[in-house]
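Next up, model.txt (compact mmCIF, C-alpha atoms):
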# COMPACT_ATOMS: atom_id res chain seq x y z
CA MET P 1 -30.57 -4.32 -29.16
CA ASP P 2 -29.41 -4.39 -25.55
CA THR P 3 -27.45 -1.17 -25.01
CA HIS P 4 -25.92 -2.16 -21.67
CA ALA P 5 -23.10 -4.66 -21.26
CA HIS P 6 -21.23 -6.15 -18.32
CA GLY P 7 -18.01 -8.15 -18.54
CA VAL P 8 -15.33 -8.00 -21.18
CA ASP P 9 -17.09 -10.33 -23.65
CA GLU P 10 -20.38 -8.45 -23.53
CA VAL P 11 -18.60 -5.10 -23.79
CA LYS P 12 -16.63 -6.21 -26.84
CA ALA P 13 -19.80 -7.59 -28.44
CA LEU P 14 -21.64 -4.32 -27.86
CA GLU P 15 -18.75 -2.25 -29.24
CA ALA P 16 -18.56 -4.49 -32.31
CA SER P 17 -22.30 -4.11 -32.89
CA LEU P 18 -21.84 -0.34 -32.82
CA GLY P 19 -19.05 -0.55 -35.41
CA PHE P 20 -15.98 -0.39 -33.16
CA ARG P 21 -12.77 -2.23 -33.97
CA VAL P 22 -9.62 -1.87 -31.88
CA PRO P 23 -6.85 -0.34 -34.06
CA ASP P 24 -3.73 -2.40 -34.68
CA PRO P 25 -0.93 -2.47 -32.05
CA GLY P 26 1.32 -0.28 -34.22
CA THR P 27 -1.23 2.54 -34.15
CA THR P 28 -1.56 2.19 -30.39
CA GLU P 29 2.21 2.31 -29.82
CA ALA P 30 2.54 5.33 -32.12
CA ALA P 31 -0.03 7.23 -30.03
CA CYS P 32 1.92 6.41 -26.86
CA ARG P 33 5.26 7.38 -28.41
CA ASP P 34 3.92 10.70 -29.75
CA LEU P 35 2.77 11.77 -26.29
CA ILE P 36 6.10 10.77 -24.74
CA ARG P 37 7.90 12.93 -27.33
CA VAL P 38 5.84 15.93 -26.17
CA LEU P 39 6.90 15.32 -22.56
CA GLU P 40 10.53 14.79 -23.54
CA ALA P 41 10.57 18.14 -25.36
CA ARG P 42 9.18 19.89 -22.28
CA VAL P 43 11.80 18.30 -20.04
CA ARG P 44 14.62 19.23 -22.43
CA ARG P 45 13.57 22.88 -22.27
CA GLN P 46 13.53 22.74 -18.46
CA GLU P 47 16.96 21.10 -18.34
CA GLU P 48 18.48 23.60 -20.76
CA GLU P 49 17.26 26.50 -18.64
CA ALA P 50 18.52 24.86 -15.44
CA HIS P 51 21.95 24.16 -16.95
CA ARG P 52 22.24 27.73 -18.23
CA ALA P 53 21.44 29.14 -14.78
CA ALA P 54 23.88 26.72 -13.11
CA GLU P 55 26.72 27.68 -15.45
CA LEU P 56 26.23 31.35 -14.58
CA SER P 57 26.09 30.85 -10.81
CA ARG P 58 28.74 28.12 -10.33
CA PRO P 59 31.85 30.39 -10.41
CA PHE P 60 30.30 32.65 -7.79
CA SER P 61 29.33 29.65 -5.61
CA ASP P 62 32.80 28.12 -5.86
CA ALA P 63 34.48 31.39 -4.87
CA LEU P 64 32.16 32.02 -1.92
CA LEU P 65 32.15 28.45 -0.63
CA GLY P 66 35.94 28.42 -0.75
CA THR P 67 36.25 30.77 2.23
CA PRO P 68 37.60 28.93 5.34
CA VAL P 69 34.56 29.67 7.53
CA LEU P 70 32.01 28.38 5.03
CA GLU P 71 34.12 25.42 4.01
CA LYS P 72 34.31 24.23 7.61
CA ALA P 73 30.58 24.78 8.14
CA MET P 74 29.84 22.65 5.10
CA GLU P 75 31.77 19.60 6.32
CA GLN P 76 28.80 18.31 8.31
CA MET P 77 26.45 18.98 5.41
CA ARG P 78 28.70 17.02 3.06
CA ALA P 79 28.79 14.09 5.48
CA ASP P 80 25.00 14.08 5.73
CA GLN P 81 24.67 14.27 1.98
CA LYS P 82 27.02 11.32 1.46
CA SER P 83 25.09 9.21 3.98
CA ARG P 84 21.87 9.86 2.11
CA MET P 85 23.45 8.76 -1.16
CA THR P 86 23.08 5.15 -0.03
CA GLU P 87 19.48 5.50 1.16
CA GLU P 88 16.82 3.78 -0.88
CA VAL P 89 13.10 4.41 -0.71
CA THR P 90 11.01 1.24 -0.83
CA PRO P 91 7.72 2.10 -2.55
CA SER P 92 4.70 1.26 -0.41
CA HIS P 93 2.51 -1.60 -1.54
CA LEU P 94 -0.54 -0.69 -3.58
CA HIS P 95 -3.70 -2.75 -3.38
CA GLN P 96 -4.05 -5.06 -6.36
CA THR P 97 -7.44 -6.15 -7.65
CA PRO P 98 -7.43 -9.90 -8.33
CA VAL P 99 -7.30 -10.51 -12.06
CA SER P 100 -10.21 -12.92 -11.73
CA SER P 101 -12.49 -10.10 -10.56
CA LEU P 102 -11.56 -7.56 -13.24
CA ASP P 103 -13.90 -8.98 -15.88
CA ALA P 104 -17.01 -8.00 -13.95
CA GLN P 105 -15.86 -4.36 -13.85
CA PHE P 106 -16.02 -3.95 -17.62
CA ARG P 107 -19.18 -1.97 -18.32
CA ALA P 108 -20.51 -0.11 -21.34
CA SER P 109 -23.55 1.43 -23.00
CA VAL P 110 -24.01 3.93 -25.79
CA ASN P 111 -23.39 6.71 -23.23
CA PHE P 112 -20.39 5.43 -21.28
CA ALA P 113 -17.67 2.80 -21.12
CA VAL P 114 -15.53 1.57 -18.23
CA LYS P 115 -12.27 -0.15 -19.14
CA VAL P 116 -10.10 -1.97 -16.60
CA PRO P 117 -6.76 -3.75 -17.04
CA PRO P 118 -5.50 -5.14 -19.28
CA TYR P 119 -5.38 -1.85 -21.17
CA ASP P 120 -4.72 -1.69 -24.91
CA GLY P 121 -1.21 -0.21 -24.92
CA ASP P 122 1.73 1.08 -22.91
CA PHE P 123 5.18 2.52 -23.52
CA ALA P 124 8.15 3.47 -21.33
CA THR P 125 11.54 5.05 -21.89
CA GLY P 126 14.35 5.74 -19.43
CA ALA P 127 15.95 3.28 -17.02
CA GLY P 128 13.70 4.31 -14.12
CA ALA P 129 10.33 3.84 -15.85
CA ARG P 130 8.18 0.74 -15.29
CA VAL P 131 4.64 0.21 -16.58
CA ASP P 132 2.37 -2.82 -16.84
CA LYS P 133 -0.81 -2.40 -18.90
CA ASN P 134 -2.02 -5.80 -17.68
CA LEU P 135 -2.27 -4.54 -14.10
CA GLY P 136 -2.55 -0.78 -14.61
CA THR P 137 0.54 -0.20 -12.46
CA PHE P 138 3.51 2.10 -12.98
CA SER P 139 6.59 3.53 -11.27
CA LEU P 140 9.18 6.22 -11.98
CA ASP P 141 12.55 6.44 -10.21
CA VAL P 142 15.24 9.03 -10.93
CA GLN P 143 18.17 10.28 -8.82
CA VAL P 144 21.20 12.46 -9.47
CA PHE P 145 24.17 13.79 -7.48
CA GLY P 146 25.39 16.35 -9.97
CA GLY P 147 23.93 15.88 -13.45
CA SER P 148 20.47 15.14 -14.80
CA ASP P 149 18.17 12.17 -15.32
CA SER P 150 14.64 11.58 -16.57
CA CYS P 151 12.17 8.84 -17.46
CA TYR P 152 8.73 8.62 -19.06
CA LEU P 153 5.81 6.23 -19.47
CA SER P 154 2.26 6.11 -20.79
CA PHE P 155 -0.66 3.71 -21.11
CA GLY P 156 -4.29 3.78 -22.20
CA SER P 157 -7.18 2.17 -24.05
CA TRP P 158 -9.31 2.75 -27.12
CA PHE P 159 -12.89 3.96 -26.84
CA TYR P 160 -15.66 4.29 -29.41
CA THR P 161 -18.19 7.13 -29.41
CA PRO P 162 -21.46 6.28 -31.17
CA GLN P 163 -22.87 9.79 -30.66
CA ASP P 164 -21.67 13.37 -31.06
CA ASN P 165 -20.82 14.98 -27.74
CA PRO P 166 -19.17 18.42 -27.56
CA PHE P 167 -18.29 17.81 -23.89
CA GLN P 168 -17.29 14.16 -23.74
CA ARG P 169 -15.80 13.22 -20.38
CA PHE P 170 -12.73 11.07 -19.83
CA ALA P 171 -11.66 10.29 -16.27
CA ALA P 172 -9.13 8.05 -14.53
CA PRO P 173 -8.65 7.50 -10.78
CA ILE P 174 -4.96 7.43 -9.80
CA GLU P 175 -3.69 5.82 -6.60
CA PHE P 176 -0.06 6.66 -5.84
CA ASN P 177 2.80 6.98 -3.38
CA LYS P 178 5.31 9.78 -3.87
CA HIS P 179 8.70 10.42 -2.30
CA TRP P 180 10.86 13.24 -3.60
CA ARG P 181 13.67 15.25 -2.08
CA GLN P 182 16.36 17.67 -3.16
CA HIS P 183 19.23 19.21 -1.25
CA ALA P 184 21.76 21.86 -2.21
CA MET P 185 25.00 23.01 -0.60
CA GLY P 186 25.38 26.38 -2.29
CA TYR P 187 24.67 24.81 -5.66
CA VAL P 188 21.24 24.21 -7.21
CA ALA P 189 18.89 21.25 -7.76
CA HIS P 190 15.51 20.86 -9.43
CA SER P 191 12.72 18.31 -9.40
CA ASN P 192 9.94 18.12 -12.00
CA PHE P 193 7.09 15.64 -12.24
CA SER P 194 4.17 15.74 -14.67
CA THR P 195 1.00 13.74 -15.14
CA VAL P 196 -0.64 14.36 -18.50
CA VAL P 197 -3.95 13.27 -20.00
CA SER P 198 -4.20 12.95 -23.76
CA VAL P 199 -7.02 11.99 -26.16
CA HIS P 200 -5.99 10.94 -29.68
CA ASP P 201 -8.58 10.65 -32.45
CA GLY P 202 -7.64 7.45 -34.24
CA THR P 203 -10.17 8.05 -37.01
CA THR P 204 -8.60 11.32 -38.17
CA ASN P 205 -5.12 10.64 -36.70
CA THR P 206 -5.19 13.97 -34.88
CA ASP P 207 -5.29 15.02 -31.24
CA ALA P 208 -8.83 15.58 -29.98
CA MET P 209 -7.37 18.00 -27.42
CA PRO P 210 -3.90 19.19 -26.42
CA PRO P 211 -2.20 17.22 -23.62
CA ILE P 212 -3.51 18.50 -20.29
CA ARG P 213 -1.31 18.54 -17.17
CA VAL P 214 -3.13 17.21 -14.11
CA GLN P 215 -2.21 16.02 -10.62
CA PRO P 216 0.10 14.63 -9.35
CA SER P 217 2.49 17.24 -10.81
CA TRP P 218 5.06 19.59 -9.35
CA SER P 219 8.09 21.70 -10.20
CA ASP P 220 10.52 22.70 -7.47
CA GLY P 221 14.06 23.95 -7.00
CA VAL P 222 16.55 24.56 -4.18
CA GLY P 223 19.81 26.42 -3.68
CA TRP P 224 22.12 27.65 -0.92
CA ALA P 225 21.70 25.01 1.79
CA GLU P 226 18.01 24.50 1.10
CA GLU P 227 16.24 21.17 1.28
CA HIS P 228 12.73 20.49 -0.03
CA GLY P 229 10.82 17.25 -0.22
CA GLU P 230 7.65 15.30 0.39
CA ASP P 231 6.81 11.76 1.50
CA VAL P 232 3.21 10.72 0.88
CA ASP P 233 1.78 7.20 0.88
CA GLY P 234 -1.72 6.23 -0.17
CA ASP P 235 -2.65 9.39 -2.04
CA PHE P 236 -5.52 9.50 -4.52
CA THR P 237 -6.78 11.82 -7.25
CA ILE P 238 -9.06 11.70 -10.29
CA ALA P 239 -7.70 12.96 -13.61
CA GLU P 240 -10.62 14.37 -15.57
CA VAL P 241 -10.86 16.17 -18.93
CA PHE P 242 -13.55 17.02 -21.48
CA PHE P 243 -13.18 16.97 -25.25
CA PRO P 244 -15.41 17.25 -28.35
CA ALA P 245 -16.27 13.73 -29.54
CA THR P 246 -17.59 12.84 -32.99
CA ALA P 247 -20.01 10.00 -33.64
CA GLY P 248 -18.34 6.93 -35.13
CA HIS P 249 -14.81 7.93 -34.13
CA VAL P 250 -12.35 5.93 -32.06
CA TYR P 251 -10.26 7.63 -29.38
CA PHE P 252 -7.11 6.49 -27.60
CA CYS P 253 -7.41 7.92 -24.10
CA GLN P 254 -4.16 7.73 -22.16
CA LEU P 255 -2.24 8.90 -19.15
CA ALA P 256 1.45 9.76 -19.34
CA PHE P 257 3.97 10.51 -16.60
CA SER P 258 7.40 12.13 -16.64
CA ALA P 259 9.97 12.45 -13.85
CA SER P 260 13.08 14.59 -14.27
CA VAL P 261 15.78 15.79 -11.89
CA ASP P 262 18.94 17.84 -12.25
CA SER P 263 21.57 19.15 -9.87
CA ASP P 264 24.79 21.11 -10.14
CA SER P 265 28.20 20.41 -8.67
CA GLY P 266 31.40 22.34 -8.14
CA LEU P 267 34.69 22.39 -6.26
CA PHE P 268 33.14 21.90 -2.82
CA GLY P 269 30.40 19.35 -3.33
CA PHE P 270 27.21 18.88 -5.23
CA ALA P 271 23.46 19.13 -5.01
CA ASP P 272 21.21 16.08 -5.22
CA SER P 273 17.65 15.39 -6.33
CA THR P 274 15.51 12.24 -6.15
CA ILE P 275 12.02 11.17 -7.21
CA HIS P 276 10.37 7.84 -6.39
CA LEU P 277 6.71 7.53 -7.40
CA ASN P 278 4.65 4.42 -7.94
CA GLY P 279 0.95 4.10 -8.62
CA ARG P 280 -2.03 2.27 -10.03
CA VAL P 281 -4.89 3.25 -12.33
CA PRO P 282 -7.69 0.73 -11.66
CA ARG P 283 -10.04 1.93 -14.42
CA LEU P 284 -10.53 4.32 -17.32
CA VAL P 285 -13.94 5.89 -17.81
CA LEU P 286 -15.40 7.54 -20.90
CA GLY P 287 -18.65 9.40 -20.33
CA SER P 288 -20.69 9.59 -17.14
CA LEU P 289 -22.15 6.69 -15.19
CA PHE P 290 -24.99 8.81 -13.87
What does this structure look like when you write it as structure tokens?
Amino acid sequence: MDTHAHGVDEVKALEASLGFRVPDPGTTEAACRDLIRVLEARVRRQEEEAHRAAELSRPFSDALLGTPVLEKAMEQMRADQKSRMTEEVTPSHLHQTPVSSLDAQFRASVNFAVKVPPYDGDFATGAGARVDKNLGTFSLDVQVFGGSDSCYLSFGSWFYTPQDNPFQRFAAPIEFNKHWRQHAMGYVAHSNFSTVVSVHDGTTNTDAMPPIRVQPSWSDGVGWAEEHGEDVDGDFTIAEVFFPATAGHVYFCQLAFSASVDSDSGLFGFADSTIHLNGRVPRLVLGSLF
């Protein structure tokens, strides 16, 4: 039997000959949803802590900012903050591989598999989340001026492992543009972004490994006239994890992203926080090509 395949048809034929069948769409969606729930729980804990800290500090901030000297000094800051409320960041264009050329990138053997879009499943929640498994593209956009907001998405594909491997490799290149900024006038603001890799064993319906946080990820906060931010176009990283694989098992390997922001407000203004990030994952790789 030929153990090397090129193109989606050959790859599917090889996987079928090894005993692999793609699980039903409901199983795929459940795996995506379960990972999103993990990220949502993490964000809720972060928001609860931020709200608790803001409630404690707000009375002090209101009293101090109410002095005539500080109130006058903050007029210019308030004007600048209002002008930035109408600003919109246009995500930079990401190179798109023609759909007609994707087929040739499918590759597989008994030791590795390369999957390219369309991937097997995706899921998104929150108004600012966009994901397209057919292109491997995604974006997250959240912004607040006093309050909190968050969004989440995930996508991935199923892989079959014909051999035991205690150190099976899963890797995904991520191309992305990120723009985030937060500004506080005596109040506080936070910005949190996470990229997570997860491997779900579909044969046993258990996680093959706990969700691992990888780049791009950050957690940042500002207060008392601070401003933090970053504008990066054309960045690139490789998310890579290792997990114990069992012969004959199927694994849903996926990436998930969460973006959350929160900011406080009081008598004399508010803080603001914004995240715009868009990206592309051109391939998912199980095993090593070398």
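Distances here use all atoms listed in the file; by that measure, the residue among P:Cys253, P:Ala247, P:Leu18, P:Val261 closest to P:Val196 is P:Cys253.
Taking atom CA of P:Leu255 as the reference point, atom CA of P:His179 is found at 20.1 Å.
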Polymer residues at most 12 Å from P:Gly136, all atoms listed in the file, same-chain spacing of 4 or more positions, as a tab-separated table (two decimals) with C-alpha atoms, keeping the file's coordinate frame:
chain	number	residue	atom	x	y	z
P	94	LEU	CA	-0.54	-0.69	-3.58
P	95	HIS	CA	-3.70	-2.75	-3.38
P	96	GLN	CA	-4.05	-5.06	-6.36
P	97	THR	CA	-7.44	-6.15	-7.65
P	99	VAL	CA	-7.30	-10.51	-12.06
P	102	LEU	CA	-11.56	-7.56	-13.24
P	115	LYS	CA	-12.27	-0.15	-19.14
P	116	VAL	CA	-10.10	-1.97	-16.60
P	117	PRO	CA	-6.76	-3.75	-17.04
P	118	PRO	CA	-5.50	-5.14	-19.28
P	119	TYR	CA	-5.38	-1.85	-21.17
P	120	ASP	CA	-4.72	-1.69	-24.91
P	121	GLY	CA	-1.21	-0.21	-24.92
P	122	ASP	CA	1.73	1.08	-22.91
P	130	ARG	CA	8.18	0.74	-15.29
P	131	VAL	CA	4.64	0.21	-16.58
P	132	ASP	CA	2.37	-2.82	-16.84
P	153	LEU	CA	5.81	6.23	-19.47
P	154	SER	CA	2.26	6.11	-20.79
P	155	PHE	CA	-0.66	3.71	-21.11
P	156	GLY	CA	-4.29	3.78	-22.20
P	157	SER	CA	-7.18	2.17	-24.05
P	172	ALA	CA	-9.13	8.05	-14.53
P	173	PRO	CA	-8.65	7.50	-10.78
P	174	ILE	CA	-4.96	7.43	-9.80
P	175	GLU	CA	-3.69	5.82	-6.60
P	176	PHE	CA	-0.06	6.66	-5.84
P	254	GLN	CA	-4.16	7.73	-22.16
P	255	LEU	CA	-2.24	8.90	-19.15
P	278	ASN	CA	4.65	4.42	-7.94
P	279	GLY	CA	0.95	4.10	-8.62
P	280	ARG	CA	-2.03	2.27	-10.03
P	281	VAL	CA	-4.89	3.25	-12.33
P	282	PRO	CA	-7.69	0.73	-11.66
P	283	ARG	CA	-10.04	1.93	-14.42
P	284	LEU	CA	-10.53	4.32	-17.32
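Minimum atom-to-atom distances from P:Pro210, P:Pro166, P:Gly221, P:Gly287 to P:Phe243 were compared using only C-alpha atoms, and the lowest value belongs to P:Pro166.
Using all atoms listed in the file, the nearest neighbour of P:Met185 within the list P:Ala208, P:Ala239, P:Val232, P:Ala225 is P:Ala225.
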Local residues around (22.3, 21.5, -4.7), at most 10 Å away, using all atoms listed in the file, as a PyMOL selection string = chain P and resi 145-146+182-190+221-227+262-266+269-273
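Taking atom CA of P:Val199 and atom CA of P:Phe138 as the two end points, the separation is 19.6 Å.
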Do you know which residues lie at most 12 Å from (-7.1, 9.0, -34.8), with coordinates as in the file and all atoms listed in the file counted, and could you write them as a count of residues only?
-> 29
